[in-house]
Amino acid sequence: MPPGTSIAPTRRDLLEGAAVTALGLAVAAPAAVGPAEARPLPGEAAIKLTVNGVERTLAVDPRVTLLDALRERLALTGSKKGCDHGQCGACTVMVGGRRINSCLTLAVMHEGDEITTIEGLAEGDELHPMQAAFLAHDGFQCGYCTPGQICSSVAMLAEAKAGWPSHVTADLAGAVELTDAEIRERMSGNLCRCAAYPNIVAAIRDASAGGAT
Ligand code: FES
Ligand code: FES
């Protein structure tokens with residue numbers, strides 16, 4: 001190595017790595033059938049899930065949460081475990097288009113369900129508009145909460161579009177206007193310890209204006 005050169009990662013390398021991880025771009029579902037998809041052992045249950053458009057057959061202990069099944073059996077580590085108690089939203093995924101805390105539900109309860117995780121939002125190299133908006137607005141710092149924030153906000157826009165009111169909706173009869181107060185209320189189940197909230201709200205506001213769902 002020539003004198004003066006270094007193999008240490010630069011700040012830019014670290015920031016780019018954090019963005020890729022936060023947006024769930026680095027981890028793709030393994031195409032091959034792994035050991036977790038083997039025949040069930042005594043006490044395990046065989047379940048079929050469609051995850052990010054791919055049908056997966058798993059043998060799981062009935063006590064395994066959906067979050068652990070996704071992370072530890074399917075290597076989809078974009079969904080994060082923050083509290084494991086339904087309090088932080090880091091584990092948010094969509095089941096049939098609706099957002100849920102995957103730490104609060106058992107994998108065996110999702111036989112036949114269609115599950116979308118952060119890894120399933122981009123189309124190849126093309127980011128989902130919500131991912132692009134988070135990137136454009138710096139809607140994250142450490143990125144740990146970001147996959148949950150993005151999955152939650154994608155489902156939240158669909159809820160608002162369908163006219164579901166929130167605690168702060170003034171006009172229960174009309175179309176929902178996604179004000180900053182509405183966005184904050186509807187995203188209140190997703191905590192960010194880095195307090196990137198202003199940028200998260202700005203990203204969602206922009207994605208909403210652009211028609212992202
Ligand atoms: Fe599921 Fe915190 S890890 S809500
Ligand atoms: Fe660090 Fe939200 S970006 S917890």
# chains A, B, ... in the order shown; residues from 1 in each chain; ligands from 1
>>> residues_around(residues="Gln87 of chain A", least_positions_apart="3", cutoff="10 Å", atoms="only C-alpha atoms", output="list of chain:residue names")
A:Gly82, A:Cys83, A:Asp84, A:Ala90, A:Cys91, A:Asn101, A:Cys103, A:Leu104, A:Gly189, A:Asn190, A:Leu191
>>> residues_near_ligand(ligand="ligand 2", cutoff="12 Å", atoms="only C-alpha atoms and all ligand atoms", output="VMD selection string")
chain A and resid 18 to 19 21 to 23 80 to 83 88 to 90 134 to 135 138 to 150 190 to 200
>>> write_last_selection(atoms="N, CA, C and O atoms", output="compact mmCIF listing (two decimals), in the first residue's frame")
# COMPACT_ATOMS: atom_id res chain seq x y z
N ALA A 18 -24.93 3.60 6.03
CA ALA A 18 -26.07 3.78 6.93
C ALA A 18 -27.35 3.98 6.14
O ALA A 18 -28.41 3.43 6.47
N ALA A 19 -27.28 4.76 5.05
CA ALA A 19 -28.47 5.01 4.25
C ALA A 19 -28.97 3.74 3.59
O ALA A 19 -30.16 3.45 3.60
N THR A 21 -28.54 0.66 4.60
CA THR A 21 -29.11 -0.21 5.61
C THR A 21 -30.46 0.31 6.07
O THR A 21 -31.43 -0.44 6.18
N ALA A 22 -30.54 1.61 6.31
CA ALA A 22 -31.78 2.19 6.83
C ALA A 22 -32.92 2.00 5.86
O ALA A 22 -34.06 1.76 6.26
N LEU A 23 -32.64 2.12 4.58
CA LEU A 23 -33.72 2.03 3.59
C LEU A 23 -34.01 0.59 3.19
O LEU A 23 -34.87 0.34 2.36
N LYS A 80 -36.65 -4.13 12.33
CA LYS A 80 -35.79 -4.09 13.51
C LYS A 80 -36.54 -4.44 14.80
O LYS A 80 -37.74 -4.24 14.90
N LYS A 81 -35.76 -4.97 15.75
CA LYS A 81 -36.31 -5.22 17.07
C LYS A 81 -35.82 -4.12 18.00
O LYS A 81 -34.65 -4.08 18.35
N GLY A 82 -36.73 -3.21 18.35
CA GLY A 82 -36.35 -2.14 19.25
C GLY A 82 -36.71 -2.49 20.68
O GLY A 82 -35.84 -2.54 21.56
N CYS A 83 -37.98 -2.73 20.92
CA CYS A 83 -38.44 -2.98 22.29
C CYS A 83 -38.95 -4.41 22.48
O CYS A 83 -38.95 -4.92 23.58
N CYS A 88 -42.33 0.66 20.15
CA CYS A 88 -41.46 1.56 19.39
C CYS A 88 -41.75 1.62 17.89
O CYS A 88 -41.40 2.58 17.23
N GLY A 89 -42.36 0.57 17.34
CA GLY A 89 -42.69 0.57 15.93
C GLY A 89 -41.55 0.19 15.00
O GLY A 89 -41.72 0.15 13.78
N ALA A 90 -40.37 -0.12 15.54
CA ALA A 90 -39.22 -0.45 14.68
C ALA A 90 -39.47 -1.71 13.86
O ALA A 90 -38.85 -1.93 12.83
N PHE A 134 -37.60 9.93 2.18
CA PHE A 134 -36.79 9.88 3.41
C PHE A 134 -35.32 10.22 3.10
O PHE A 134 -34.67 10.91 3.88
N LEU A 135 -34.85 9.74 1.97
CA LEU A 135 -33.47 10.03 1.57
C LEU A 135 -33.31 11.52 1.27
O LEU A 135 -32.37 12.18 1.74
N ASP A 138 -33.39 13.63 4.50
CA ASP A 138 -32.58 13.18 5.64
C ASP A 138 -33.50 12.75 6.78
O ASP A 138 -33.35 13.21 7.92
N GLY A 139 -34.44 11.89 6.47
CA GLY A 139 -35.43 11.49 7.49
C GLY A 139 -34.91 10.45 8.45
O GLY A 139 -35.70 9.66 8.97
N PHE A 140 -33.63 10.43 8.67
CA PHE A 140 -33.04 9.47 9.62
C PHE A 140 -31.65 9.93 10.02
O PHE A 140 -31.03 10.73 9.31
N GLN A 141 -31.21 9.42 11.15
CA GLN A 141 -29.82 9.64 11.56
C GLN A 141 -29.13 8.28 11.69
O GLN A 141 -28.43 7.85 10.80
N CYS A 142 -29.39 7.55 12.77
CA CYS A 142 -28.75 6.23 12.87
C CYS A 142 -29.43 5.22 11.95
O CYS A 142 -28.84 4.23 11.54
N GLY A 143 -30.70 5.44 11.63
CA GLY A 143 -31.41 4.57 10.71
C GLY A 143 -32.12 3.38 11.34
O GLY A 143 -32.80 2.63 10.64
N TYR A 144 -31.98 3.22 12.64
CA TYR A 144 -32.54 2.01 13.25
C TYR A 144 -34.08 1.97 13.16
O TYR A 144 -34.66 0.92 12.91
N CYS A 145 -34.69 3.11 13.33
CA CYS A 145 -36.16 3.15 13.31
C CYS A 145 -36.71 3.23 11.89
O CYS A 145 -37.91 3.11 11.67
N THR A 146 -35.82 3.50 10.92
CA THR A 146 -36.28 3.92 9.58
C THR A 146 -37.09 2.87 8.82
O THR A 146 -38.12 3.22 8.22
N PRO A 147 -36.70 1.59 8.81
CA PRO A 147 -37.55 0.63 8.10
C PRO A 147 -38.99 0.62 8.63
O PRO A 147 -39.95 0.58 7.86
N GLY A 148 -39.12 0.70 9.95
CA GLY A 148 -40.46 0.74 10.55
C GLY A 148 -41.18 2.02 10.20
O GLY A 148 -42.38 2.02 9.91
N GLN A 149 -40.44 3.14 10.23
CA GLN A 149 -41.07 4.43 9.88
C GLN A 149 -41.59 4.39 8.45
O GLN A 149 -42.70 4.85 8.16
N ILE A 150 -40.80 3.83 7.54
CA ILE A 150 -41.19 3.84 6.13
C ILE A 150 -42.36 2.89 5.89
O ILE A 150 -43.34 3.26 5.24
N ASN A 190 -44.50 5.16 16.00
CA ASN A 190 -43.13 4.92 15.54
C ASN A 190 -42.20 5.94 16.19
O ASN A 190 -42.22 7.12 15.86
N LEU A 191 -41.40 5.44 17.11
CA LEU A 191 -40.51 6.33 17.85
C LEU A 191 -39.15 6.41 17.17
O LEU A 191 -38.72 5.47 16.49
N CYS A 192 -38.50 7.56 17.35
CA CYS A 192 -37.15 7.76 16.80
C CYS A 192 -36.28 8.33 17.92
O CYS A 192 -36.47 9.47 18.34
N ARG A 193 -35.33 7.53 18.35
CA ARG A 193 -34.49 7.99 19.47
C ARG A 193 -33.54 9.08 19.02
O ARG A 193 -33.00 9.81 19.83
N CYS A 194 -33.29 9.20 17.71
CA CYS A 194 -32.45 10.28 17.22
C CYS A 194 -33.26 11.57 17.05
O CYS A 194 -32.70 12.60 16.69
N ALA A 195 -34.58 11.47 17.26
CA ALA A 195 -35.46 12.64 17.16
C ALA A 195 -35.39 13.30 15.78
O ALA A 195 -35.32 14.51 15.66
N ALA A 196 -35.41 12.47 14.74
CA ALA A 196 -35.41 13.01 13.38
C ALA A 196 -36.83 13.39 12.94
O ALA A 196 -37.13 13.47 11.75
N TYR A 197 -37.69 13.64 13.90
CA TYR A 197 -39.11 13.82 13.59
C TYR A 197 -39.41 14.92 12.56
O TYR A 197 -40.22 14.68 11.65
N PRO A 198 -38.82 16.12 12.67
CA PRO A 198 -39.17 17.15 11.67
C PRO A 198 -38.89 16.67 10.24
O PRO A 198 -39.70 16.92 9.33
N ASN A 199 -37.78 15.98 10.05
CA ASN A 199 -37.44 15.53 8.70
C ASN A 199 -38.32 14.35 8.27
O ASN A 199 -38.64 14.20 7.09
N ILE A 200 -38.70 13.52 9.22
CA ILE A 200 -39.61 12.41 8.90
C ILE A 200 -40.95 12.97 8.44
O ILE A 200 -41.51 12.53 7.43
>>> closest_residue(among="A:Arg184, A:Arg71, A:Lys161, A:Arg205", to="ligand 1", atoms="only C-alpha atoms and all ligand atoms")
A:Arg71
>>> select_by_dssp(residues="segment 37-184 of chain A", states="alpha helix (DSSP H)", output="PyMOL selection string")
chain A and resi 66-68+129-136+146-161+180-184
>>> write_last_selection(atoms="N, CA, C and O atoms", output="tab-separated table (two decimals), in the first residue's frame")
chain	number	residue	atom	x	y	z
A	66	LEU	N	-43.64	-13.17	14.43
A	66	LEU	CA	-43.44	-12.90	13.00
A	66	LEU	C	-42.11	-12.18	12.80
A	66	LEU	O	-41.38	-12.47	11.85
A	67	LEU	N	-41.78	-11.26	13.70
A	67	LEU	CA	-40.52	-10.52	13.57
A	67	LEU	C	-39.33	-11.48	13.60
A	67	LEU	O	-38.43	-11.39	12.75
A	68	ASP	N	-39.31	-12.39	14.55
A	68	ASP	CA	-38.18	-13.31	14.63
A	68	ASP	C	-38.15	-14.25	13.42
A	68	ASP	O	-37.07	-14.61	12.94
A	129	PRO	N	-41.36	5.65	-3.60
A	129	PRO	CA	-41.37	7.11	-3.39
A	129	PRO	C	-41.17	7.50	-1.92
A	129	PRO	O	-40.56	8.54	-1.64
A	130	MET	N	-41.65	6.67	-1.01
A	130	MET	CA	-41.45	7.02	0.41
A	130	MET	C	-39.98	6.86	0.80
A	130	MET	O	-39.44	7.67	1.56
A	131	GLN	N	-39.31	5.84	0.29
A	131	GLN	CA	-37.89	5.69	0.56
A	131	GLN	C	-37.11	6.88	-0.01
A	131	GLN	O	-36.22	7.43	0.64
A	132	ALA	N	-37.48	7.26	-1.24
A	132	ALA	CA	-36.80	8.39	-1.89
A	132	ALA	C	-37.02	9.67	-1.09
A	132	ALA	O	-36.09	10.48	-0.93
A	133	ALA	N	-38.23	9.84	-0.56
A	133	ALA	CA	-38.51	11.05	0.21
A	133	ALA	C	-37.72	11.08	1.52
A	133	ALA	O	-37.21	12.12	1.92
A	134	PHE	N	-37.60	9.93	2.18
A	134	PHE	CA	-36.79	9.88	3.41
A	134	PHE	C	-35.32	10.22	3.10
A	134	PHE	O	-34.67	10.91	3.88
A	135	LEU	N	-34.85	9.74	1.97
A	135	LEU	CA	-33.47	10.03	1.57
A	135	LEU	C	-33.31	11.52	1.27
A	135	LEU	O	-32.37	12.18	1.74
A	136	ALA	N	-34.26	12.07	0.52
A	136	ALA	CA	-34.16	13.48	0.11
A	136	ALA	C	-34.24	14.42	1.31
A	136	ALA	O	-33.62	15.49	1.31
A	146	THR	N	-35.82	3.50	10.92
A	146	THR	CA	-36.28	3.92	9.58
A	146	THR	C	-37.09	2.87	8.82
A	146	THR	O	-38.12	3.22	8.22
A	147	PRO	N	-36.70	1.59	8.81
A	147	PRO	CA	-37.55	0.63	8.10
A	147	PRO	C	-38.99	0.62	8.63
A	147	PRO	O	-39.95	0.58	7.86
A	148	GLY	N	-39.12	0.70	9.95
A	148	GLY	CA	-40.46	0.74	10.55
A	148	GLY	C	-41.18	2.02	10.20
A	148	GLY	O	-42.38	2.02	9.91
A	149	GLN	N	-40.44	3.14	10.23
A	149	GLN	CA	-41.07	4.43	9.88
A	149	GLN	C	-41.59	4.39	8.45
A	149	GLN	O	-42.70	4.85	8.16
A	150	ILE	N	-40.80	3.83	7.54
A	150	ILE	CA	-41.19	3.84	6.13
A	150	ILE	C	-42.36	2.89	5.89
A	150	ILE	O	-43.34	3.26	5.24
A	151	CYS	N	-42.30	1.68	6.43
A	151	CYS	CA	-43.43	0.75	6.24
A	151	CYS	C	-44.69	1.34	6.84
A	151	CYS	O	-45.78	1.26	6.26
A	152	SER	N	-44.56	1.93	8.03
A	152	SER	CA	-45.71	2.50	8.70
A	152	SER	C	-46.29	3.65	7.88
A	152	SER	O	-47.52	3.77	7.72
A	153	SER	N	-45.43	4.50	7.35
A	153	SER	CA	-45.94	5.67	6.62
A	153	SER	C	-46.58	5.27	5.30
A	153	SER	O	-47.56	5.89	4.88
A	154	VAL	N	-46.06	4.23	4.65
A	154	VAL	CA	-46.70	3.78	3.40
A	154	VAL	C	-48.12	3.30	3.70
A	154	VAL	O	-49.09	3.68	3.01
A	155	ALA	N	-48.28	2.51	4.73
A	155	ALA	CA	-49.62	2.01	5.09
A	155	ALA	C	-50.50	3.15	5.61
A	155	ALA	O	-51.71	3.20	5.34
A	156	MET	N	-49.88	4.09	6.31
A	156	MET	CA	-50.64	5.22	6.86
A	156	MET	C	-51.25	6.06	5.74
A	156	MET	O	-52.39	6.51	5.84
A	157	LEU	N	-50.51	6.28	4.66
A	157	LEU	CA	-51.07	7.06	3.54
A	157	LEU	C	-52.29	6.36	2.96
A	157	LEU	O	-53.26	7.01	2.59
A	158	ALA	N	-52.22	5.05	2.89
A	158	ALA	CA	-53.37	4.29	2.37
A	158	ALA	C	-54.57	4.43	3.32
A	158	ALA	O	-55.72	4.57	2.87
A	159	GLU	N	-54.30	4.42	4.62
A	159	GLU	CA	-55.39	4.59	5.59
A	159	GLU	C	-56.05	5.97	5.43
A	159	GLU	O	-57.27	6.09	5.44
A	160	ALA	N	-55.21	6.99	5.29
A	160	ALA	CA	-55.74	8.35	5.14
A	160	ALA	C	-56.53	8.48	3.84
A	160	ALA	O	-57.60	9.08	3.79
A	161	LYS	N	-55.98	7.86	2.79
A	161	LYS	CA	-56.65	7.92	1.49
A	161	LYS	C	-58.02	7.24	1.55
A	161	LYS	O	-58.97	7.66	0.90
A	180	ASP	N	-49.50	18.42	9.05
A	180	ASP	CA	-48.39	17.92	9.88
A	180	ASP	C	-48.93	17.31	11.17
A	180	ASP	O	-48.40	16.31	11.66
A	181	ALA	N	-49.99	17.91	11.71
A	181	ALA	CA	-50.57	17.36	12.95
A	181	ALA	C	-51.13	15.96	12.70
A	181	ALA	O	-50.99	15.06	13.54
A	182	GLU	N	-51.77	15.78	11.55
A	182	GLU	CA	-52.30	14.44	11.20
A	182	GLU	C	-51.16	13.44	11.05
A	182	GLU	O	-51.24	12.32	11.53
A	183	ILE	N	-50.10	13.87	10.36
A	183	ILE	CA	-48.97	12.95	10.14
A	183	ILE	C	-48.36	12.56	11.49
A	183	ILE	O	-48.11	11.39	11.77
A	184	ARG	N	-48.15	13.55	12.36
A	184	ARG	CA	-47.54	13.26	13.67
A	184	ARG	C	-48.42	12.31	14.47
A	184	ARG	O	-47.93	11.36	15.08
>>> residues_around(residues="segment 108-115 of chain A", least_positions_apart="2", cutoff="9 Å", atoms="only C-alpha atoms", output="list in words")
Ala45, Ala46, Ile47, Lys48, Leu49, Thr50, Val51, Asn52, Gly53, Glu55, Val60, Asp61, Pro62, Arg63, Val64, Thr65, Leu66, Val93, Met94, Val95, Gly96, Gly97, Thr105, Leu106, Thr117 and Gly120 of chain A
>>> atom_distance(atom1="atom 4 (S, counted along the ligand's line) of ligand 1", atom2="atom CA of Ile204 of chain A")
20.1 Å
>>> closest_residue(among="A:Arg99, A:Gly124, A:Ala107, A:Ser79", to="Leu58 of chain A", atoms="only C-alpha atoms")
A:Ala107
>>> atom_distance(atom1="atom CA of Glu72 of chain A", atom2="atom CA of Leu121 of chain A")
20.0 Å
>>> atom_distance(atom1="atom CA of Glu177 of chain A", atom2="atom CA of His128 of chain A")
22.1 Å
>>> closest_residue(among="A:Ile100, A:Leu127, A:Leu41, A:Ala75", to="ligand 1", atoms="only C-alpha atoms and all ligand atoms")
A:Ile100
>>> select_by_dssp(residues="segment 42-195 of chain A", states="strand (DSSP E)", output="PyMOL selection string")
chain A and resi 45-51+54-60+92-95+98-101+114-116
>>> closest_residue(among="A:Val201, A:Ala162, A:Val54, A:Ala69", to="His137 of chain A", atoms="only C-alpha atoms")
A:Val201
